[in-house]
Each structure stands twice: as C-alpha cells, then as structure tokens.
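As provided, coords_11.csv (CSV, C-alpha atoms and all ligand atoms) reads as follows.
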chain,number,residue,atom,x,y,z
A,1,MET,CA,-5.5,29.4,22.7
A,2,GLU,CA,-7.4,26.2,22.7
A,3,LEU,CA,-10.0,25.8,20.0
A,4,LYS,CA,-13.6,25.2,21.1
A,5,ARG,CA,-14.9,21.8,20.4
A,6,GLU,CA,-17.2,22.9,17.6
A,7,ASN,CA,-14.3,24.8,16.0
A,8,VAL,CA,-12.2,21.7,16.0
A,9,LEU,CA,-15.0,19.8,14.2
A,10,ILE,CA,-15.6,22.6,11.7
A,11,GLU,CA,-11.9,22.9,10.9
A,12,ALA,CA,-12.1,19.3,9.8
A,13,LEU,CA,-14.7,19.9,7.1
A,14,PRO,CA,-12.5,21.0,4.2
A,15,TYR,CA,-10.2,18.0,4.8
A,16,MET,CA,-13.1,15.6,4.9
A,17,GLN,CA,-14.4,17.0,1.7
A,18,GLU,CA,-11.0,16.8,0.1
A,19,PHE,CA,-10.4,13.2,1.2
A,20,TYR,CA,-13.9,11.9,0.6
A,21,ASP,CA,-13.8,8.6,-1.4
A,22,SER,CA,-10.0,8.6,-1.6
A,23,ILE,CA,-7.8,5.6,-0.7
A,24,MET,CA,-5.3,6.0,2.1
A,25,VAL,CA,-2.7,3.3,2.9
A,26,ILE,CA,-1.9,3.2,6.5
A,27,LYS,CA,1.1,1.3,7.8
A,28,VAL,CA,1.0,0.5,11.4
A,29,GLY,CA,4.5,-0.4,12.6
A,30,GLY,CA,5.2,-2.9,15.4
A,31,ASN,CA,6.8,-0.1,17.4
A,32,ALA,CA,3.6,2.0,17.2
A,33,MET,CA,1.6,-0.9,18.6
A,34,VAL,CA,3.4,-0.8,21.9
A,35,SER,CA,0.3,-1.2,24.1
A,36,ALA,CA,-3.2,-2.6,23.7
A,37,GLN,CA,-4.5,1.0,24.4
A,38,ILE,CA,-2.5,2.5,21.6
A,39,MET,CA,-3.5,-0.2,19.2
A,40,GLU,CA,-7.1,0.3,20.1
A,41,ASP,CA,-6.8,4.1,19.5
A,42,ILE,CA,-5.2,3.6,16.1
A,43,ILE,CA,-7.9,1.1,15.0
A,44,LYS,CA,-10.6,3.4,16.2
A,45,ASP,CA,-9.2,6.3,14.2
A,46,ILE,CA,-9.1,4.1,11.1
A,47,VAL,CA,-12.7,3.0,11.6
A,48,LEU,CA,-13.6,6.7,11.9
A,49,LEU,CA,-11.9,7.4,8.6
A,50,ARG,CA,-14.0,4.8,7.0
A,51,TYR,CA,-17.2,6.4,8.4
A,52,VAL,CA,-16.3,9.8,7.0
A,53,GLY,CA,-16.0,8.3,3.5
A,54,ILE,CA,-12.3,7.6,3.3
A,55,LYS,CA,-11.1,4.1,2.1
A,56,PRO,CA,-8.4,3.0,4.4
A,57,VAL,CA,-6.1,0.0,3.7
A,58,ILE,CA,-3.9,-1.2,6.5
A,59,VAL,CA,-0.5,-2.8,6.1
A,60,HIS,CA,0.9,-3.9,9.5
A,61,GLY,CA,4.3,-4.7,10.8
A,62,GLY,CA,5.3,-6.6,13.9
A,63,GLY,CA,9.1,-6.5,13.9
A,64,PRO,CA,9.4,-6.2,17.7
A,65,GLU,CA,7.1,-9.2,18.3
A,66,ILE,CA,9.0,-11.4,15.8
A,67,THR,CA,12.2,-10.5,17.6
A,68,GLU,CA,10.7,-11.4,21.0
A,69,LYS,CA,9.5,-14.8,19.7
A,70,MET,CA,12.8,-15.5,18.1
A,71,GLU,CA,14.6,-14.7,21.4
A,72,ARG,CA,12.3,-16.9,23.3
A,73,MET,CA,13.2,-19.7,21.0
A,74,GLY,CA,16.9,-19.0,21.5
A,75,LYS,CA,17.5,-17.3,18.2
A,76,LYS,CA,19.3,-14.0,17.7
A,77,ALA,CA,17.6,-11.5,15.5
A,78,GLU,CA,19.9,-9.8,13.0
A,79,PHE,CA,19.3,-7.0,10.5
A,80,PHE,CA,20.9,-5.7,7.4
A,81,GLN,CA,20.0,-2.1,6.7
A,82,GLY,CA,16.7,-2.4,8.5
A,83,LEU,CA,15.9,-5.8,7.0
A,84,ARG,CA,15.6,-8.9,9.1
A,85,ILE,CA,18.0,-11.7,8.0
A,86,THR,CA,15.4,-14.5,7.5
A,87,ASP,CA,16.4,-18.2,7.5
A,88,ASP,CA,13.8,-21.0,7.2
A,89,GLU,CA,12.9,-21.0,10.9
A,90,THR,CA,12.7,-17.2,11.1
A,91,MET,CA,10.3,-17.2,8.1
A,92,GLU,CA,8.1,-19.6,10.1
A,93,ILE,CA,8.1,-17.4,13.1
A,94,ALA,CA,7.4,-14.3,11.1
A,95,ARG,CA,4.4,-16.0,9.4
A,96,MET,CA,3.1,-17.1,12.8
A,97,VAL,CA,3.4,-13.7,14.4
A,98,LEU,CA,2.3,-11.5,11.4
A,99,VAL,CA,-0.5,-13.6,9.9
A,100,GLY,CA,-1.5,-15.8,12.9
A,101,ASN,CA,-1.4,-13.2,15.6
A,102,ILE,CA,-1.2,-9.5,14.6
A,103,ASN,CA,-3.4,-9.6,11.4
A,104,THR,CA,-6.2,-11.5,13.2
A,105,LYS,CA,-5.9,-9.1,16.2
A,106,ILE,CA,-6.3,-6.0,14.0
A,107,VAL,CA,-9.2,-7.5,12.0
A,108,SER,CA,-11.1,-8.4,15.2
A,109,LEU,CA,-10.5,-5.0,16.7
A,110,ILE,CA,-11.9,-3.3,13.6
A,111,GLY,CA,-15.0,-5.4,14.2
A,112,VAL,CA,-15.2,-4.4,17.8
A,113,PHE,CA,-15.3,-0.7,16.8
A,114,GLY,CA,-18.0,-1.3,14.2
A,115,GLY,CA,-16.0,-1.6,11.0
A,116,LYS,CA,-15.6,-4.6,8.6
A,117,GLY,CA,-12.0,-5.7,8.5
A,118,VAL,CA,-10.8,-8.5,6.3
A,119,GLY,CA,-7.3,-10.0,6.5
A,120,PHE,CA,-4.9,-10.7,3.7
A,121,THR,CA,-1.4,-12.0,3.1
A,122,GLY,CA,0.4,-11.2,-0.1
A,123,TYR,CA,-0.6,-14.7,-1.3
A,124,ASP,CA,-4.3,-14.0,-1.3
A,125,GLY,CA,-5.7,-13.2,-4.8
A,126,ARG,CA,-2.0,-13.3,-6.0
A,127,MET,CA,-1.8,-9.8,-4.6
A,128,ILE,CA,2.0,-9.7,-4.1
A,129,LEU,CA,4.3,-11.8,-6.2
A,130,GLY,CA,7.9,-11.3,-5.4
A,131,HIS,CA,11.4,-12.7,-5.5
A,132,LYS,CA,14.1,-13.2,-2.9
A,133,GLN,CA,16.5,-10.2,-2.7
A,134,ALA,CA,19.9,-10.8,-4.2
A,135,ALA,CA,22.9,-11.2,-1.8
A,136,LYS,CA,24.3,-7.9,-0.5
A,137,ARG,CA,27.9,-6.9,-1.1
A,138,VAL,CA,29.6,-5.5,1.9
A,139,LEU,CA,33.2,-4.8,2.9
A,140,VAL,CA,34.5,-7.1,5.6
A,141,ASP,CA,38.0,-6.0,6.7
A,142,GLY,CA,38.4,-4.2,3.4
A,143,VAL,CA,37.4,-7.3,1.4
A,144,GLU,CA,34.2,-7.3,-0.6
A,145,THR,CA,32.0,-10.1,0.6
A,146,GLU,CA,28.5,-11.3,-0.3
A,147,VAL,CA,25.9,-11.6,2.5
A,148,ASP,CA,22.8,-13.7,1.9
A,149,ILE,CA,19.9,-12.1,3.9
A,150,GLY,CA,17.7,-15.2,3.4
A,151,TRP,CA,14.0,-15.2,2.6
A,152,VAL,CA,13.8,-11.4,2.4
A,153,GLY,CA,11.7,-10.5,-0.6
A,154,GLU,CA,10.9,-7.6,-2.8
A,155,SER,CA,7.7,-7.3,-4.8
A,156,GLU,CA,7.7,-7.9,-8.5
A,157,VAL,CA,4.0,-7.6,-9.3
A,158,ILE,CA,1.3,-6.1,-7.2
A,159,ASN,CA,-2.2,-7.0,-8.2
A,160,PRO,CA,-4.6,-4.8,-6.2
A,161,GLU,CA,-7.8,-6.1,-7.7
A,162,ILE,CA,-9.0,-7.8,-4.6
A,163,LEU,CA,-8.4,-4.6,-2.6
A,164,HIS,CA,-10.5,-2.6,-4.9
A,165,ILE,CA,-13.3,-5.2,-4.6
A,166,MET,CA,-13.2,-5.0,-0.9
A,167,LEU,CA,-13.0,-1.2,-0.7
A,168,GLU,CA,-16.0,-0.8,-2.9
A,169,LYS,CA,-18.0,-3.1,-0.5
A,170,GLY,CA,-17.0,-1.1,2.5
A,171,TYR,CA,-14.4,-3.5,4.0
A,172,ILE,CA,-11.1,-2.4,5.5
A,173,PRO,CA,-8.4,-4.6,4.1
A,174,VAL,CA,-5.6,-5.6,6.5
A,175,ILE,CA,-2.4,-6.8,4.8
A,176,SER,CA,0.4,-8.9,6.4
A,177,PRO,CA,3.8,-8.2,4.8
A,178,VAL,CA,4.4,-11.8,3.6
A,179,ALA,CA,4.4,-12.8,-0.1
A,180,VAL,CA,5.3,-15.7,-2.4
A,181,ASP,CA,7.8,-16.2,-5.2
A,182,ALA,CA,7.0,-18.0,-8.4
A,183,LYS,CA,7.8,-21.4,-6.8
A,184,GLY,CA,5.6,-20.8,-3.9
A,185,ASN,CA,8.3,-20.0,-1.4
A,186,ALA,CA,7.2,-17.6,1.4
A,187,LEU,CA,9.0,-14.3,1.5
A,188,ASN,CA,9.3,-11.8,4.3
A,189,ILE,CA,9.0,-8.3,3.0
A,190,ASN,CA,9.5,-5.2,5.2
A,191,ALA,CA,6.1,-3.8,6.0
A,192,ASP,CA,7.1,-0.2,4.9
A,193,THR,CA,8.2,-1.5,1.5
A,194,VAL,CA,4.9,-3.4,1.1
A,195,ALA,CA,2.9,-0.3,2.2
A,196,GLY,CA,4.8,1.9,-0.4
A,197,ASP,CA,4.2,-0.7,-3.2
A,198,ILE,CA,0.5,-1.1,-2.3
A,199,ALA,CA,0.0,2.7,-2.1
A,200,ALA,CA,1.6,3.0,-5.5
A,201,ALA,CA,-0.5,0.2,-7.1
A,202,LEU,CA,-3.7,1.6,-5.6
A,203,LYS,CA,-2.8,5.2,-6.7
A,204,ALA,CA,-3.7,6.1,-3.1
A,205,LYS,CA,-4.1,9.7,-2.1
A,206,LYS,CA,-1.8,9.3,0.9
A,207,LEU,CA,0.5,6.9,2.5
A,208,ILE,CA,0.8,7.2,6.3
A,209,LEU,CA,3.6,5.4,8.1
A,210,MET,CA,3.0,5.2,11.8
A,211,THR,CA,6.0,4.5,14.0
A,212,ASP,CA,7.3,5.3,17.5
A,213,VAL,CA,9.1,8.6,16.8
A,214,SER,CA,7.7,12.0,15.8
A,215,GLY,CA,9.1,11.7,12.3
A,216,LEU,CA,12.5,11.8,10.7
A,217,LEU,CA,14.9,13.4,13.1
A,218,ARG,CA,18.1,15.1,12.0
A,219,ASP,CA,19.7,14.1,15.2
A,220,MET,CA,18.2,10.9,16.8
A,221,LYS,CA,19.1,12.2,20.3
A,222,ASP,CA,17.2,15.4,19.8
A,223,PRO,CA,13.4,15.0,19.6
A,224,ASN,CA,13.2,18.7,18.6
A,225,SER,CA,15.2,18.1,15.4
A,226,ARG,CA,12.3,16.8,13.3
A,227,ILE,CA,12.5,17.4,9.6
A,228,SER,CA,9.0,18.4,8.7
A,229,ARG,CA,9.2,18.2,5.0
A,230,VAL,CA,11.4,16.0,2.7
A,231,ASN,CA,11.5,16.4,-1.0
A,232,LEU,CA,12.1,13.2,-3.1
A,233,ASP,CA,15.5,14.5,-4.2
A,234,GLU,CA,16.7,14.9,-0.6
A,235,ILE,CA,16.2,11.2,0.3
A,236,ASP,CA,19.3,9.6,-1.2
A,237,PRO,CA,21.7,12.4,0.2
A,238,LEU,CA,20.1,12.0,3.7
A,239,ILE,CA,20.8,8.2,3.5
A,240,GLU,CA,24.4,8.8,2.4
A,241,GLU,CA,24.9,11.4,5.2
A,242,GLY,CA,23.6,8.7,7.7
A,243,VAL,CA,20.7,10.8,8.9
A,244,ILE,CA,18.2,8.2,7.5
A,245,ARG,CA,19.3,4.9,8.8
A,246,GLY,CA,18.1,1.5,10.3
A,247,GLY,CA,14.3,1.3,10.3
A,248,MET,CA,14.0,4.7,8.6
A,249,ILE,CA,15.6,3.5,5.4
A,250,PRO,CA,12.7,1.2,4.3
A,251,LYS,CA,10.2,3.9,5.4
A,252,LEU,CA,11.7,6.7,3.2
A,253,LYS,CA,12.3,4.3,0.3
A,254,GLY,CA,8.7,3.1,0.5
A,255,ALA,CA,7.5,6.7,0.7
A,256,ALA,CA,9.6,7.5,-2.4
A,257,VAL,CA,8.2,4.6,-4.4
A,258,ALA,CA,4.6,5.8,-3.5
A,259,VAL,CA,5.2,9.5,-4.3
A,260,LYS,CA,7.0,8.7,-7.6
A,261,SER,CA,3.9,6.7,-8.6
A,262,GLY,CA,1.5,9.6,-8.1
A,263,VAL,CA,0.6,9.3,-4.3
A,264,GLU,CA,0.2,12.9,-3.4
A,265,ARG,CA,1.9,12.8,0.1
A,266,ALA,CA,3.5,10.3,2.4
A,267,HIS,CA,3.7,11.0,6.1
A,268,ILE,CA,5.7,9.5,8.9
A,269,ILE,CA,4.0,10.1,12.2
A,270,ASN,CA,4.1,8.9,15.7
A,271,GLY,CA,1.5,6.3,16.2
A,272,SER,CA,2.2,5.9,19.8
A,273,VAL,CA,0.8,9.4,20.4
A,274,SER,CA,-3.0,8.9,20.7
A,275,HIS,CA,-5.0,10.1,17.6
A,276,SER,CA,-1.9,11.6,15.9
A,277,MET,CA,-3.4,10.4,12.6
A,278,LEU,CA,-6.6,12.5,13.1
A,279,LEU,CA,-4.4,15.6,13.8
A,280,GLU,CA,-2.4,15.0,10.7
A,281,LEU,CA,-5.4,14.5,8.4
A,282,PHE,CA,-8.0,16.9,9.8
A,283,THR,CA,-6.3,19.9,11.3
A,284,ASP,CA,-4.3,22.8,9.9
A,285,GLY,CA,-1.2,22.0,11.8
A,286,GLY,CA,0.5,18.9,10.4
A,287,VAL,CA,2.6,16.6,12.6
A,288,GLY,CA,5.4,14.3,11.6
A,289,THR,CA,7.5,14.3,8.4
A,290,MET,CA,5.8,14.8,5.0
A,291,ILE,CA,7.4,13.4,1.9
A,292,TYR,CA,6.4,15.0,-1.4
A,293,GLY,CA,7.5,15.1,-5.1
A,294,PRO,CA,7.4,17.3,-8.2
A,295,ASP,CA,4.0,16.0,-9.3
A,296,HIS,CA,2.4,17.6,-6.3
A,297,PRO,CA,4.6,20.4,-5.2
A,298,LEU,CA,4.0,22.5,-2.0
A,299,GLU,CA,1.7,25.5,-2.5
B,301,LIG,N1,16.9,9.9,11.6
B,301,LIG,C1,16.0,9.2,12.3
B,301,LIG,N2,15.0,9.7,12.8
B,301,LIG,C2,14.1,9.0,13.6
B,301,LIG,N3,14.2,7.7,13.8
B,301,LIG,C3,15.3,7.1,13.2
B,301,LIG,C4,16.2,7.8,12.4
B,301,LIG,N4,17.2,6.9,12.0
B,301,LIG,C5,16.8,5.7,12.5
B,301,LIG,N5,15.7,5.8,13.2
B,301,LIG,C6,15.1,4.6,13.9
B,301,LIG,O1,13.9,4.2,13.2
B,301,LIG,C7,13.0,3.6,14.1
B,301,LIG,C8,11.7,3.4,13.5
B,301,LIG,O2,11.8,2.3,12.6
B,301,LIG,P1,11.4,0.9,13.0
B,301,LIG,O3,12.1,0.5,14.2
B,301,LIG,O4,11.5,0.0,11.8
B,301,LIG,O5,9.8,1.1,13.4
B,301,LIG,P2,8.5,0.4,12.9
B,301,LIG,O6,8.3,-0.9,13.7
B,301,LIG,O7,7.5,1.4,13.4
B,301,LIG,O8,8.5,0.3,11.4
B,301,LIG,C9,13.0,4.6,15.2
B,301,LIG,O9,12.5,4.1,16.5
B,301,LIG,C10,14.5,5.0,15.3
B,301,LIG,O10,15.2,4.1,16.2
B,302,LIG,C1,12.4,-8.2,5.9
B,302,LIG,C2,11.8,-7.6,7.1
B,302,LIG,O1,12.6,-6.8,7.8
B,302,LIG,N1,10.6,-7.9,7.5
B,302,LIG,C3,10.0,-7.4,8.7
B,302,LIG,C4,8.5,-7.6,8.6
B,302,LIG,C5,7.7,-6.9,9.7
B,302,LIG,C6,7.9,-5.4,9.8
B,302,LIG,O2,8.3,-4.8,8.8
B,302,LIG,O3,7.6,-4.9,11.0
B,302,LIG,P1,7.8,-3.4,11.5
B,302,LIG,O4,7.1,-2.5,10.6
B,302,LIG,O5,7.2,-3.4,12.9
B,302,LIG,O6,9.3,-3.1,11.5
B,302,LIG,C7,10.5,-8.1,9.9
B,302,LIG,O7,10.8,-9.3,9.8
B,302,LIG,O8,10.6,-7.5,11.0

Represent the structure of the file as structure tokens.
Amino acid sequence: MELKRENVLIEALPYMQEFYDSIMVIKVGGNAMVSAQIMEDIIKDIVLLRYVGIKPVIVHGGGPEITEKMERMGKKAEFFQGLRITDDETMEIARMVLVGNINTKIVSLIGVFGGKGVGFTGYDGRMILGHKQAAKRVLVDGVETEVDIGWVGESEVINPEILHIMLEKGYIPVISPVAVDAKGNALNINADTVAGDIAAALKAKKLILMTDVSGLLRDMKDPNSRISRVNLDEIDPLIEEGVIRGGMIPKLKGAAVAVKSGVERAHIINGSVSHSMLLELFTDGGVGTMIYGPDHPLE
C-alpha cells in the first residue's frame, strides 16, 4: 500500500531528529553522475539535507570522464585492483577533469539549488597530505614482479580543520580526490578512499557511497543478489572469495576505515536511481548495502 504524502513526511521526523547537526560524508561516483538530470537530483537532495540541519560534505569521483578524456587523447586507461595507473600525463588529465570540470560543476549546481558550495582539493588548507603508493607485487607467468602504478596516492595525514570551519558557517564543502606529497607532487587518490579517510577524520555520523549499482551484489549478473548488510569482519573474506572486486574494493575498504574510526554506518547506494539517498536516510526501509562494526552493532 502506498503511503499518503503526509505519512511519508511524518515518517521522516525521527530520522531528521536523529541526524540533526551531524556530519555526513557523501561520495558521488563518476558512474552515479551518468546524466545531467541525475547529477541535479543528487545535488538537490544534498542541499535538502543541509536545510534540515545535516552537515553534508561531498567527495566526488569522475573516473569515467577521466577515461573518456584519456581515450580522446589516444591514451589507454589501465587499472590495478580498481586504481587507475597514473603516469605524469594521466595525472594532468585527472586534475583537469576532477578539479577543473567536475568540482566546479558541483559547486555551481549547489548554488543553483540555493545552497552554498565551496570547492577544495586535498592541497587546500593542507587537508590531505599523502605519499605515492609502493609498487605492487604480482605474479606474471609464475614470477613475482613489481608493478609501479604511478602517481596513485594514499593519505598520510588528514587535517579537517578547514572543513569544520566551513560547516559551521553553513557551507557545503566539495572535495576533489587529489592530494600532494611532502615534495609537492600531485597524487591521484581513489575517491572512495578519500571519502573513507575524510569521514574518519571528521568522525562523521555516516558515510554514503553513491554508485551505479544497487549495492554489493553476491553475483554481479543477478541484480537481486544484493547483500544488504556487511559486518567489518566479512569484508576481507569477501575480497578473497572474489565477490568484492574492481571498483567495489576501494569502496568497501574506504567504508571499513570509516567504520573502524567510529563512523556509525557506511552505505553503498545506487545514485543513478533518483532520490535514493532520501529513501535511505529518511524512510524505514533501507536501500543498498550497509556496512557496520562492533562499536555500533545492529539492534
Ligand atoms: N560484487 C559486486 N557488486 C556490485 N558491483 C561490483 C561488484 N564487484 C565489482 N563491481 C563493480 O563496481 C562498480 C562500481 O564501482 P566504480 O566503477 O568504481 O563506480 P564509481 O565510479 O561509482 O565509484 C560496479 O559498476 C560494478 O561494475
Ligand atoms: C587512483 C584512482 O583510481 N583515482 C580515481 C579518482 C577518481 C575516482 O575515484 O572516480 P570514481 O569514484 O568515479 O571511480 C581515478 O583516476 O579514476
């Protein structure tokens, strides 16, 4: 039975009370931003959150657009366990797409819908200091070989001060997943990883990862095989079994970092379904995959 409109609104009240004044880190994946309409819907939802007293922080991706620009320039995009192999030229392209294009687009849309967005890279306010990831060891024809994945970074220090300042003043921070190392080299960090680290540093209430699938699927070919809840202890075995792979690896690892640091819940949801975030946050029936840990067990 469909709920009456007023019942839908009143069902939201306890959630609004619970989430009032709390920080939520929302990662918008490049795959979730498949169309201008979807992107507008996602940003509208985020502005709504701000107006009901939640403090959203956006971390955005843009993988598909980086790949498209690389291909247009005659370069082949290659990944290692969900991470883009990033040479000097790829780093330039990633910066252009993420900072120059996607970040400014999101900030301007927030303004269109009546919010106050402000764009950041990891360099701003020394927010994310990182280092290049060590070469990976892989077996090639049975021989252990090192693969350098280039300017792919991992964060060492997260300084969230500037984010707190902005949140207190009512701004919605929008973060591009690029950082610097101690020598000032630009680093490309997977946006899920950045979102997990930022959520941990802010001690956010929730981390929401928006992508293009309904959550973690046990069988990628079967959309009905969604795993609705994942305990921290289940993540590594699911990676070993090959259930979590490709782009899902940094998502679940980012979620694990956040939940281990006190974030109550992480959620992987389908951003390409309009207003899925509102359903997740403000209705009794959750959507997507929820990741939780021992500090905040299920009731
Ligand atoms: N078990 C799984 N369940 C769902 N998706 C999976 C799974 N394993 C790998 N994937 C892949 O992960 C993708 C989402 O990650 P990614 O492409 O990095 O998206 P985004 O740009 O939103 O971060 C899905 O589109 C799917 O192809
Ligand atoms: C190291 C690494 O993989 N960086 C990512 C950064 C963007 C990103 O994560 O975008 P999505 O969230 O849309 O996948 C990349 O170059 O694609």

Atom pair atom CA of A:Lys44 / atom CA of A:Val112: separation (Å):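 Computing it gives 9.2 Å between the two atoms.
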
Closest pair table for chain A residues within 7 Å of ligand LIG 302 (chain B), all atoms listed in the file, as a Markdown table:
| residue | atom | partner | partner_atom | distance |
| --- | --- | --- | --- | --- |
| A:Val28 | CA | B:LIG302 | O4 | 6.8 |
| A:Gly29 | CA | B:LIG302 | O4 | 3.9 |
| A:Gly30 | CA | B:LIG302 | O5 | 3.2 |
| A:Asn31 | CA | B:LIG302 | O5 | 5.6 |
| A:His60 | CA | B:LIG302 | O4 | 6.5 |
| A:Gly61 | CA | B:LIG302 | O3 | 3.3 |
| A:Gly62 | CA | B:LIG302 | O5 | 3.9 |
| A:Gly63 | CA | B:LIG302 | O8 | 3.4 |
| A:Pro64 | CA | B:LIG302 | O5 | 6.0 |
| A:Ile66 | CA | B:LIG302 | O8 | 6.4 |
| A:Gly82 | CA | B:LIG302 | O1 | 6.1 |
| A:Leu83 | CA | B:LIG302 | O1 | 3.5 |
| A:Arg84 | CA | B:LIG302 | O1 | 3.9 |
| A:Ile85 | CA | B:LIG302 | C1 | 6.9 |
| A:Ala94 | CA | B:LIG302 | O7 | 6.2 |
| A:Val152 | CA | B:LIG302 | C1 | 4.9 |
| A:Gly153 | CA | B:LIG302 | C1 | 6.9 |
| A:Pro177 | CA | B:LIG302 | C4 | 6.1 |
| A:Asn188 | CA | B:LIG302 | C1 | 5.0 |
| A:Ile189 | CA | B:LIG302 | C1 | 4.5 |
| A:Asn190 | CA | B:LIG302 | N1 | 3.7 |
| A:Ala191 | CA | B:LIG302 | O2 | 3.7 |
| A:Asp192 | CA | B:LIG302 | O4 | 6.1 |
| A:Gly247 | CA | B:LIG302 | O6 | 6.8 |

Selection within 10 Å of ligand LIG 301 (chain B) by all atoms listed in the file, output as a ChimeraX atom specification: /A:27-34,60-65,82-83,190-192,209-223,225-227,238-239,242-251,268-272,289

Spatial sel., origin (-4.1, -12.3, -7.8), limit 10 Å, all atoms listed in the file, listed as a VMD selection string: chain A and resid 122 to 129 157 to 162

Stretch 142-149 of chain A surroundings by only C-alpha atoms, 10 Å radius, close-in-sequence under 2 positions cut, as a list in words: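 Here the answer would be Glu78, Phe79, Phe80, Leu83, Arg84, Ile85, Thr86, Asp87, Lys132, Gln133, Ala134, Ala135, Lys136, Arg137, Val138, Leu139, Val140, Trp151, Val152 and Gly153 of chain A.
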
Atom-to-atom span, atom CA of A:Glu156 and atom CA of A:Val194, Å: 11.0 Å

Between atom CA of A:Ala182 and atom CA of A:Ala199, distance in Å (one decimal): 22.7 Å

Who sits within 8 Å of A:Tyr171, only C-alpha atoms, same chain under 3 positions skipped, as a list of chain:residue names: A:Gly115, A:Lys116, A:Gly117, A:Val118, A:Met166, A:Leu167, A:Glu168

Take the residues just selected and output them with C-alpha atoms as a short mmCIF file (atom, residue, chain, number, x, y, z; two decimals), in the frame of the given file.
data_model
loop_
_atom_site.label_atom_id
_atom_site.label_comp_id
_atom_site.auth_asym_id
_atom_site.auth_seq_id
_atom_site.Cartn_x
_atom_site.Cartn_y
_atom_site.Cartn_z
CA GLY A 115 -16.00 -1.60 11.00
CA LYS A 116 -15.60 -4.60 8.60
CA GLY A 117 -12.00 -5.70 8.50
CA VAL A 118 -10.80 -8.50 6.30
CA MET A 166 -13.20 -5.00 -0.90
CA LEU A 167 -13.00 -1.20 -0.70
CA GLU A 168 -16.00 -0.80 -2.90
#

Closest of A:Leu48, A:Met73, A:Ala204, A:Val99 to A:Ile23 - atom-to-atom distances counting all atoms listed in the file: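 Looking at the shortest contact to A:Ile23, the residue is A:Ala204.
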
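Closest approach to A:Asn185 from the set A:Glu240, A:Asp88, A:Asp284, A:Asp141 is made by A:Asp88, with distances taken over all atoms listed in the file.
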
Closest of A:Gly262, A:Pro173, A:Gly254, A:Pro294 to A:Ile46 - atom-to-atom distances counting all atoms listed in the file: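 Counting all atoms listed in the file, the residue closest to A:Ile46 is A:Pro173.
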